[in-house]
$ cat coords.txt   # compact mmCIF, C-alpha atoms and all ligand atoms
# COMPACT_ATOMS: atom_id res chain seq x y z
CA MET D 1 -3.86 -7.73 -17.18
CA LYS D 2 -5.09 -11.28 -17.70
CA ILE D 3 -3.55 -14.72 -17.88
CA ASP D 4 -5.17 -17.78 -19.43
CA VAL D 5 -4.59 -20.85 -17.26
CA THR D 6 -6.86 -23.27 -19.15
CA GLU D 7 -3.99 -25.56 -20.12
CA ILE D 8 -2.90 -26.31 -16.54
CA LEU D 9 -6.32 -26.26 -14.89
CA LYS D 10 -7.09 -29.95 -15.52
CA THR D 11 -3.74 -31.10 -14.11
CA PRO D 12 -3.55 -30.31 -10.40
CA GLY D 13 0.03 -29.54 -9.48
CA ALA D 14 0.95 -28.30 -12.94
CA GLY D 15 2.68 -24.92 -12.95
CA MET D 16 2.82 -22.11 -15.47
CA PRO D 17 5.27 -19.21 -15.23
CA PHE D 18 3.96 -15.92 -16.57
CA GLU D 19 5.00 -12.34 -17.11
CA VAL D 20 2.42 -9.67 -17.93
CA GLU D 21 2.35 -5.93 -18.06
CA GLY D 22 -0.66 -3.68 -18.04
CA GLU D 23 -2.75 -1.01 -16.48
CA ILE D 24 -4.46 -1.67 -13.20
CA ALA D 25 -8.13 -1.40 -14.09
CA GLY D 26 -10.06 1.43 -12.50
CA ASP D 27 -8.63 4.77 -11.46
CA GLY D 28 -9.08 5.89 -7.86
CA VAL D 29 -7.82 2.63 -6.36
CA ALA D 30 -8.31 4.49 -3.14
CA ASP D 31 -9.32 8.12 -2.64
CA GLU D 32 -5.78 9.38 -2.25
CA LEU D 33 -4.24 7.14 -4.84
CA GLN D 34 -3.97 7.00 -8.58
CA VAL D 35 -2.04 4.41 -10.48
CA ALA D 36 0.37 6.23 -12.75
CA GLY D 37 1.14 4.00 -15.70
CA GLY D 38 1.37 0.26 -15.84
CA PHE D 39 2.37 -2.47 -13.50
CA ALA D 40 4.55 -5.43 -14.45
CA VAL D 41 3.67 -8.75 -12.84
CA ARG D 42 5.88 -11.81 -12.87
CA GLY D 43 5.17 -15.11 -11.19
CA VAL D 44 3.91 -18.67 -11.31
CA ALA D 45 0.36 -20.03 -11.45
CA THR D 46 -0.12 -23.54 -10.06
CA SER D 47 -3.23 -25.60 -10.67
CA ILE D 48 -5.20 -26.68 -7.61
CA GLY D 49 -7.87 -28.46 -9.65
CA ASP D 50 -10.82 -26.12 -9.29
CA GLY D 51 -8.63 -23.06 -9.64
CA VAL D 52 -5.06 -21.82 -9.49
CA TYR D 53 -2.73 -20.56 -6.80
CA VAL D 54 -0.76 -17.51 -7.94
CA ASP D 55 2.51 -16.36 -6.41
CA ALA D 56 3.84 -13.20 -8.05
CA HIS D 57 5.85 -10.02 -7.76
CA ALA D 58 4.34 -6.78 -9.09
CA GLU D 59 6.19 -3.54 -9.81
CA GLY D 60 4.88 -0.17 -10.82
CA THR D 61 4.36 3.43 -9.86
CA VAL D 62 1.49 5.03 -8.00
CA LYS D 63 0.70 8.68 -7.48
CA LEU D 64 0.12 9.75 -3.90
CA THR D 65 -0.75 12.99 -2.13
CA CYS D 66 1.80 14.13 0.44
CA SER D 67 0.19 14.39 3.88
CA ARG D 68 2.34 17.41 4.81
CA CYS D 69 2.45 19.65 1.73
CA LEU D 70 -0.50 18.15 -0.17
CA GLY D 71 1.63 17.94 -3.29
CA SER D 72 1.24 14.97 -5.57
CA PHE D 73 4.23 12.69 -6.02
CA ALA D 74 5.08 9.37 -7.64
CA LYS D 75 6.11 6.37 -5.58
CA LYS D 76 7.54 3.14 -6.92
CA MET D 77 6.08 0.04 -5.37
CA GLY D 78 7.33 -3.54 -5.41
CA LEU D 79 4.75 -5.95 -4.08
CA ASP D 80 4.72 -9.65 -3.34
CA CYS D 81 1.30 -11.00 -4.19
CA GLU D 82 -0.28 -14.30 -3.32
CA ALA D 83 -3.84 -15.31 -4.19
CA LYS D 84 -6.14 -18.04 -5.35
CA PHE D 85 -8.35 -17.73 -8.39
CA MET D 86 -11.36 -20.06 -8.23
CA GLU D 87 -14.30 -20.77 -10.56
CA ASN D 88 -16.68 -20.39 -7.62
CA PRO D 89 -15.03 -18.16 -5.03
CA GLU D 90 -18.15 -18.37 -2.81
CA ASP D 91 -17.68 -22.13 -2.37
CA ARG D 92 -14.29 -21.79 -0.76
CA SER D 93 -13.90 -23.21 2.69
CA ARG D 94 -13.73 -20.96 5.72
CA GLU D 95 -10.13 -21.93 6.22
CA ASP D 96 -9.17 -20.57 2.82
CA ARG D 97 -10.91 -17.31 3.46
CA ASP D 98 -8.76 -16.60 6.48
CA GLU D 99 -5.48 -17.59 4.95
CA ILE D 100 -5.39 -16.17 1.48
CA GLU D 101 -7.28 -13.78 -0.76
CA VAL D 102 -9.55 -15.47 -3.33
CA PHE D 103 -10.59 -13.93 -6.65
CA SER D 104 -12.82 -15.28 -9.35
CA LEU D 105 -11.59 -17.28 -12.31
CA GLU D 106 -13.69 -16.74 -15.41
CA ASN D 107 -13.51 -19.19 -18.33
CA GLY D 108 -9.99 -20.16 -17.33
CA VAL D 109 -8.78 -16.56 -17.19
CA CYS D 110 -7.38 -14.77 -14.11
CA ASP D 111 -7.60 -10.99 -13.99
CA LEU D 112 -4.46 -10.12 -12.04
CA SER D 113 -5.26 -6.42 -11.75
CA GLU D 114 -7.74 -7.14 -8.96
CA MET D 115 -5.06 -8.96 -6.99
CA VAL D 116 -2.49 -6.20 -7.54
CA ARG D 117 -4.96 -3.46 -6.66
CA HIS D 118 -5.75 -5.25 -3.40
CA GLU D 119 -2.05 -5.50 -2.57
CA ILE D 120 -1.41 -1.82 -3.41
CA VAL D 121 -4.12 -0.71 -1.01
CA LEU D 122 -2.70 -2.93 1.76
CA ASN D 123 0.75 -1.42 1.30
CA LEU D 124 -0.13 2.26 1.09
CA PRO D 125 1.73 4.34 3.67
CA MET D 126 -0.52 5.69 6.44
CA LYS D 127 1.00 9.15 6.05
CA PRO D 128 2.50 9.48 2.59
CA LEU D 129 5.43 11.93 2.43
CA CYS D 130 6.89 13.31 -0.80
CA SER D 131 10.25 13.33 1.01
CA PRO D 132 11.28 12.54 4.59
CA ARG D 133 12.48 16.15 4.73
CA CYS D 134 9.23 17.67 3.45
CA LYS D 135 8.74 21.00 5.23
CA GLY D 136 5.00 21.05 4.74
CA LEU D 137 2.80 24.12 4.59
CA CYS D 138 3.05 27.32 6.62
CA PRO D 139 0.37 27.05 9.33
CA VAL D 140 -0.36 30.76 8.94
CA CYS D 141 -0.52 31.51 5.21
CA GLY D 142 -0.51 28.03 3.72
CA ALA D 143 2.56 28.59 1.53
CA ASN D 144 4.45 25.48 0.49
CA LEU D 145 7.66 25.77 2.54
CA ASN D 146 9.50 23.42 0.17
CA GLU D 147 9.24 26.10 -2.50
CA GLY D 148 10.77 28.85 -0.38
CA GLY D 149 9.89 30.52 2.88
CA CYS D 150 7.24 33.06 3.71
CA ASP D 151 7.37 36.12 5.95
CA CYS D 152 4.90 34.92 8.54
CA GLU D 153 5.77 35.12 12.21
CA LYS D 154 5.93 31.58 13.43
CA PRO D 155 3.97 31.10 16.66
CA ASP D 156 6.13 30.47 19.73
CA PRO D 157 6.33 26.85 20.70
CA GLY D 158 4.04 27.12 23.71
CA GLU D 159 4.09 25.02 26.84
CA THR D 160 1.78 22.04 26.50
CA VAL D 161 0.01 20.05 29.20
CA PHE D 162 1.96 17.00 28.16
CA GLY D 163 5.25 18.88 28.28
CA ARG D 164 4.56 20.25 31.78
CA LYS D 165 3.56 16.81 33.12
CA LEU D 166 6.71 15.36 31.64
CA LEU D 167 8.87 17.99 33.35
CA GLU D 168 7.15 17.38 36.68
CA ALA D 169 7.69 13.65 36.38
CA LEU D 170 11.35 14.15 35.54
CA ASN D 171 11.83 16.48 38.52
CA GLU D 172 10.16 13.95 40.85
CA ARG D 173 12.45 11.24 39.64
CA GLY D 174 15.46 13.50 40.10
CA LYS D 175 14.49 14.18 43.76
CA LYS D 176 14.14 10.48 44.55
CA HIS D 177 17.53 9.76 43.09
CA GLY D 178 19.00 12.63 45.08
CA ARG D 179 17.82 11.12 48.40
CA SER D 180 19.01 7.59 47.87
ZN ZN D 201 5.43 16.99 0.91
ZN ZN D 202 3.38 31.83 5.91

$ encode --input "coords.txt" --output "C-alpha cells"
Amino acid sequence: MKIDVTEILKTPGAGMPFEVEGEIAGDGVADELQVAGGFAVRGVATSIGDGVYVDAHAEGTVKLTCSRCLGSFAKKMGLDCEAKFMENPEDRSREDRDEIEVFSLENGVCDLSEMVRHEIVLNLPMKPLCSPRCKGLCPVCGANLNEGGCDCEKPDPGETVFGRKLLEALNERGKKHGRS
C-alpha cells in the first residue's frame, strides 16, 4: 500500500489526493488481532519540503477474539489517520515527535500500511466483544452459552465483601436521614 509523492516533494505546499487499496503488511498486527482482507485508504498528501504530511481515512475489517466467549469475529473499522513521512525520520525535531507520528519516506514513496497498522492498534477495543449480548462461556464446563445452554448448576451469587460494605454504608446513611 504505497504512494509515490516524488512529483510534489520539491514544491512545499503542493497537495496530492490519493486513493489506494491493499493488504496491511504483516499478519499479527497485535497478538489478538489479524487483518482480514484489505484496507482502503483515501486522503491527501501535502509536501512539507523534506517530506509529506498525510491526512487520510482508512476502512477495512479486522478479526478479533471475543474476550467473553473466545470466539473469533470480524469488526469493521473506520480510522482517521494523520502522519508525516520524512526522508530522515531521526532528524525530526522534538516538537514533531510529540505532536504527530513520523514514518520514513523512501525514494519518494510512502508505505501507508505502517501508518494504518499503527492506527488500528491504537483503536483496538480493550475488551473486544463479538456482540454486546455475548453470553460468554459457562464457568463450570466451558460451553459456549451463545450456542445453547448447558446443564451445569450455576453457583449462587454469593455475598461479597464489597456488597456487604455497600449495604452497611447505605444503612448508615438511612439512619442519619431518619434522625434529621
Ligand atoms: Zn463473544
Ligand atoms: Zn456448563

$ closest_atom_pairs --input "coords.txt" --of "chain D" --to "ligand ZN 201 (chain D)" --cutoff "12 Å" --atoms "all atoms listed in the file" --output "Markdown table"
| residue | atom | partner | partner_atom | distance |
| --- | --- | --- | --- | --- |
| D:Leu64 | CA | D:ZN201 | ZN | 10.2 |
| D:Thr65 | CA | D:ZN201 | ZN | 8.0 |
| D:Cys66 | CA | D:ZN201 | ZN | 4.6 |
| D:Ser67 | CA | D:ZN201 | ZN | 6.6 |
| D:Arg68 | CA | D:ZN201 | ZN | 5.0 |
| D:Cys69 | CA | D:ZN201 | ZN | 4.1 |
| D:Leu70 | CA | D:ZN201 | ZN | 6.1 |
| D:Gly71 | CA | D:ZN201 | ZN | 5.7 |
| D:Ser72 | CA | D:ZN201 | ZN | 8.0 |
| D:Phe73 | CA | D:ZN201 | ZN | 8.2 |
| D:Ala74 | CA | D:ZN201 | ZN | 11.5 |
| D:Lys127 | CA | D:ZN201 | ZN | 10.4 |
| D:Pro128 | CA | D:ZN201 | ZN | 8.2 |
| D:Leu129 | CA | D:ZN201 | ZN | 5.3 |
| D:Cys130 | CA | D:ZN201 | ZN | 4.3 |
| D:Ser131 | CA | D:ZN201 | ZN | 6.1 |
| D:Pro132 | CA | D:ZN201 | ZN | 8.2 |
| D:Arg133 | CA | D:ZN201 | ZN | 8.1 |
| D:Cys134 | CA | D:ZN201 | ZN | 4.6 |
| D:Lys135 | CA | D:ZN201 | ZN | 6.8 |
| D:Gly136 | CA | D:ZN201 | ZN | 5.6 |
| D:Leu137 | CA | D:ZN201 | ZN | 8.4 |
| D:Ala143 | CA | D:ZN201 | ZN | 12.0 |
| D:Asn144 | CA | D:ZN201 | ZN | 8.6 |
| D:Leu145 | CA | D:ZN201 | ZN | 9.2 |
| D:Asn146 | CA | D:ZN201 | ZN | 7.6 |
| D:Glu147 | CA | D:ZN201 | ZN | 10.4 |

$ closest_atom_pairs --input "coords.txt" --of "chain D" --to "ligand ZN 202 (chain D)" --cutoff "10 Å" --atoms "all atoms listed in the file" --output "CSV"
residue,atom,partner,partner_atom,distance
D:Leu137,CA,D:ZN202,ZN,7.8
D:Cys138,CA,D:ZN202,ZN,4.6
D:Pro139,CA,D:ZN202,ZN,6.6
D:Val140,CA,D:ZN202,ZN,4.9
D:Cys141,CA,D:ZN202,ZN,4.0
D:Gly142,CA,D:ZN202,ZN,5.9
D:Ala143,CA,D:ZN202,ZN,5.5
D:Asn144,CA,D:ZN202,ZN,8.4
D:Leu145,CA,D:ZN202,ZN,8.1
D:Gly149,CA,D:ZN202,ZN,7.3
D:Cys150,CA,D:ZN202,ZN,4.6
D:Asp151,CA,D:ZN202,ZN,5.9
D:Cys152,CA,D:ZN202,ZN,4.3
D:Glu153,CA,D:ZN202,ZN,7.5
D:Lys154,CA,D:ZN202,ZN,7.9

$ residues_around --input "coords.txt" --residues "D:Glu7" --least-positions-apart "6" --cutoff "10 Å" --atoms "all atoms listed in the file" --output "list of chain:residue names"
D:Ala14, D:Gly15, D:Met16, D:Ser47, D:Gly108

$ atom_distance --input "coords.txt" --atom1 "atom CA of D:Lys63" --atom2 "atom CA of D:Ala45"
29.0 Å

$ atom_distance --input "coords.txt" --atom1 "atom CA of D:Leu79" --atom2 "atom CA of D:Ser104"
20.6 Å

$ atom_distance --input "coords.txt" --atom1 "atom CA of D:Val20" --atom2 "atom CA of D:Glu114"
13.8 Å

$ closest_residue --input "coords.txt" --among "D:Leu170, D:Ile48, D:Ile8, D:Ile24" --to "D:Met115" --atoms "only C-alpha atoms"
D:Ile24

$ residues_around --input "coords.txt" --residues "D:Asp55" --least-positions-apart "4" --cutoff "9 Å" --atoms "all atoms listed in the file" --output "JSON, numbers by chain"
{"D": [42, 43, 44, 45, 46, 80, 81, 82, 83, 84]}

$ write_last_selection --input "coords.txt" --atoms "C-alpha atoms" --output "mmCIF file, keeping the file's coordinate frame"
data_model
loop_
_atom_site.group_PDB
_atom_site.id
_atom_site.type_symbol
_atom_site.label_atom_id
_atom_site.label_comp_id
_atom_site.auth_asym_id
_atom_site.auth_seq_id
_atom_site.Cartn_x
_atom_site.Cartn_y
_atom_site.Cartn_z
ATOM 1 C CA ARG D 42 5.880 -11.810 -12.870
ATOM 2 C CA GLY D 43 5.170 -15.110 -11.190
ATOM 3 C CA VAL D 44 3.910 -18.670 -11.310
ATOM 4 C CA ALA D 45 0.360 -20.030 -11.450
ATOM 5 C CA THR D 46 -0.120 -23.540 -10.060
ATOM 6 C CA ASP D 80 4.720 -9.650 -3.340
ATOM 7 C CA CYS D 81 1.300 -11.000 -4.190
ATOM 8 C CA GLU D 82 -0.280 -14.300 -3.320
ATOM 9 C CA ALA D 83 -3.840 -15.310 -4.190
ATOM 10 C CA LYS D 84 -6.140 -18.040 -5.350
#

$ closest_residue --input "coords.txt" --among "D:Leu122, D:Val52, D:Val102, D:Val109" --to "D:Met77" --atoms "all atoms listed in the file"
D:Leu122

$ closest_residue --input "coords.txt" --among "D:Gly78, D:Gly38, D:Glu19, D:Thr6" --to "D:Asp50" --atoms "only C-alpha atoms"
D:Thr6

$ closest_residue --input "coords.txt" --among "D:Val116, D:Leu167, D:Cys110, D:Val5" --to "D:Val41" --atoms "only C-alpha atoms"
D:Val116

$ axis_aligned_box --input "coords.txt" --around "stretch 138-148 of chain D" --padding-each-side "4 Å" --output "AutoDock Vina command-line options"
--center_x 5.1 --center_y 27.5 --center_z 3.4 --size_x 19.3 --size_y 16.1 --size_z 19.8

$ decode --input "coords.txt" --residues "stretch 71-178 of chain D" --atoms "C-alpha atoms" --output "short mmCIF file (atom, residue, chain, number, x, y, z; two decimals), in the first residue's frame"
data_model
loop_
_atom_site.label_atom_id
_atom_site.label_comp_id
_atom_site.auth_asym_id
_atom_site.auth_seq_id
_atom_site.Cartn_x
_atom_site.Cartn_y
_atom_site.Cartn_z
CA GLY D 71 -14.79 -16.82 19.51
CA SER D 72 -13.23 -15.05 16.57
CA PHE D 73 -15.27 -12.33 14.89
CA ALA D 74 -14.85 -9.67 12.22
CA LYS D 75 -15.05 -5.99 13.05
CA LYS D 76 -15.23 -3.15 10.57
CA MET D 77 -13.00 -0.23 11.38
CA GLY D 78 -13.02 3.31 10.04
CA LEU D 79 -9.94 5.23 11.07
CA ASP D 80 -8.80 8.80 10.68
CA CYS D 81 -5.05 8.79 10.16
CA GLU D 82 -2.59 11.63 10.29
CA ALA D 83 1.17 11.26 9.88
CA LYS D 84 4.33 12.69 8.45
CA PHE D 85 6.61 10.78 6.13
CA MET D 86 10.18 12.10 6.19
CA GLU D 87 13.40 11.14 4.38
CA ASN D 88 15.23 11.15 7.71
CA PRO D 89 12.71 10.49 10.47
CA GLU D 90 15.51 10.59 13.09
CA ASP D 91 16.23 14.25 12.29
CA ARG D 92 12.77 15.41 13.23
CA SER D 93 12.53 17.98 15.96
CA ARG D 94 11.36 17.04 19.42
CA GLU D 95 8.23 19.07 18.90
CA ASP D 96 7.21 16.94 15.93
CA ARG D 97 7.74 13.76 17.83
CA ASP D 98 5.20 14.74 20.44
CA GLU D 99 2.57 16.00 18.07
CA ILE D 100 2.36 13.56 15.23
CA GLU D 101 3.60 10.13 14.22
CA VAL D 102 6.52 10.15 11.76
CA PHE D 103 7.32 7.35 9.33
CA SER D 104 10.11 7.02 6.84
CA LEU D 105 9.89 8.14 3.24
CA GLU D 106 12.00 6.02 0.92
CA ASN D 107 12.90 7.27 -2.57
CA GLY D 108 9.80 9.45 -2.62
CA VAL D 109 7.49 6.58 -1.66
CA CYS D 110 5.29 6.41 1.47
CA ASP D 111 4.27 3.00 2.75
CA LEU D 112 0.84 3.74 4.21
CA SER D 113 0.38 0.30 5.74
CA GLU D 114 2.67 1.23 8.62
CA MET D 115 0.55 4.26 9.39
CA VAL D 116 -2.71 2.30 9.19
CA ARG D 117 -1.35 -0.54 11.31
CA HIS D 118 -0.34 1.97 13.99
CA GLU D 119 -3.83 3.49 13.96
CA ILE D 120 -5.53 0.07 14.13
CA VAL D 121 -3.58 -0.85 17.25
CA LEU D 122 -4.46 2.49 18.89
CA ASN D 123 -8.15 1.91 18.23
CA LEU D 124 -8.49 -1.71 19.30
CA PRO D 125 -11.16 -2.18 21.96
CA MET D 126 -9.74 -3.07 25.39
CA LYS D 127 -12.25 -5.89 25.75
CA PRO D 128 -13.44 -6.97 22.33
CA LEU D 129 -16.97 -8.42 22.32
CA CYS D 130 -18.49 -10.38 19.42
CA SER D 131 -21.83 -8.85 20.46
CA PRO D 132 -22.89 -6.63 23.37
CA ARG D 133 -25.19 -9.51 24.33
CA CYS D 134 -22.50 -12.20 24.23
CA LYS D 135 -23.29 -14.71 26.98
CA GLY D 136 -19.73 -15.95 27.27
CA LEU D 137 -18.63 -19.36 28.47
CA CYS D 138 -20.10 -21.47 31.27
CA PRO D 139 -17.75 -21.03 34.25
CA VAL D 140 -18.22 -24.70 35.13
CA CYS D 141 -17.95 -26.70 31.89
CA GLY D 142 -16.70 -24.07 29.47
CA ALA D 143 -19.55 -24.49 26.99
CA ASN D 144 -20.23 -21.54 24.72
CA LEU D 145 -23.54 -20.22 26.09
CA ASN D 146 -24.30 -18.41 22.81
CA GLU D 147 -24.66 -21.81 21.17
CA GLY D 148 -27.18 -23.14 23.66
CA GLY D 149 -27.21 -23.76 27.37
CA CYS D 150 -25.62 -26.49 29.43
CA ASP D 151 -26.94 -28.44 32.40
CA CYS D 152 -24.47 -27.14 34.95
CA GLU D 153 -25.71 -25.83 38.27
CA LYS D 154 -24.84 -22.18 38.33
CA PRO D 155 -23.15 -21.18 41.59
CA ASP D 156 -25.28 -18.98 43.84
CA PRO D 157 -24.39 -15.33 43.64
CA GLY D 158 -22.61 -15.17 46.99
CA GLU D 159 -22.28 -12.19 49.28
CA THR D 160 -19.11 -10.26 48.53
CA VAL D 161 -17.07 -8.03 50.82
CA PHE D 162 -17.82 -5.11 48.55
CA GLY D 163 -21.54 -5.86 48.57
CA ARG D 164 -21.66 -6.08 52.38
CA LYS D 165 -19.75 -2.80 52.82
CA LEU D 166 -22.10 -1.14 50.38
CA LEU D 167 -25.14 -2.34 52.34
CA GLU D 168 -23.65 -1.11 55.61
CA ALA D 169 -22.93 2.28 54.11
CA LEU D 170 -26.45 2.54 52.75
CA ASN D 171 -27.94 1.60 56.13
CA GLU D 172 -25.78 4.22 57.89
CA ARG D 173 -26.95 6.86 55.50
CA GLY D 174 -30.55 5.81 56.01
CA LYS D 175 -30.21 6.19 59.82
CA LYS D 176 -28.77 9.69 59.54
CA HIS D 177 -31.58 10.77 57.29
CA GLY D 178 -34.09 9.26 59.71
#
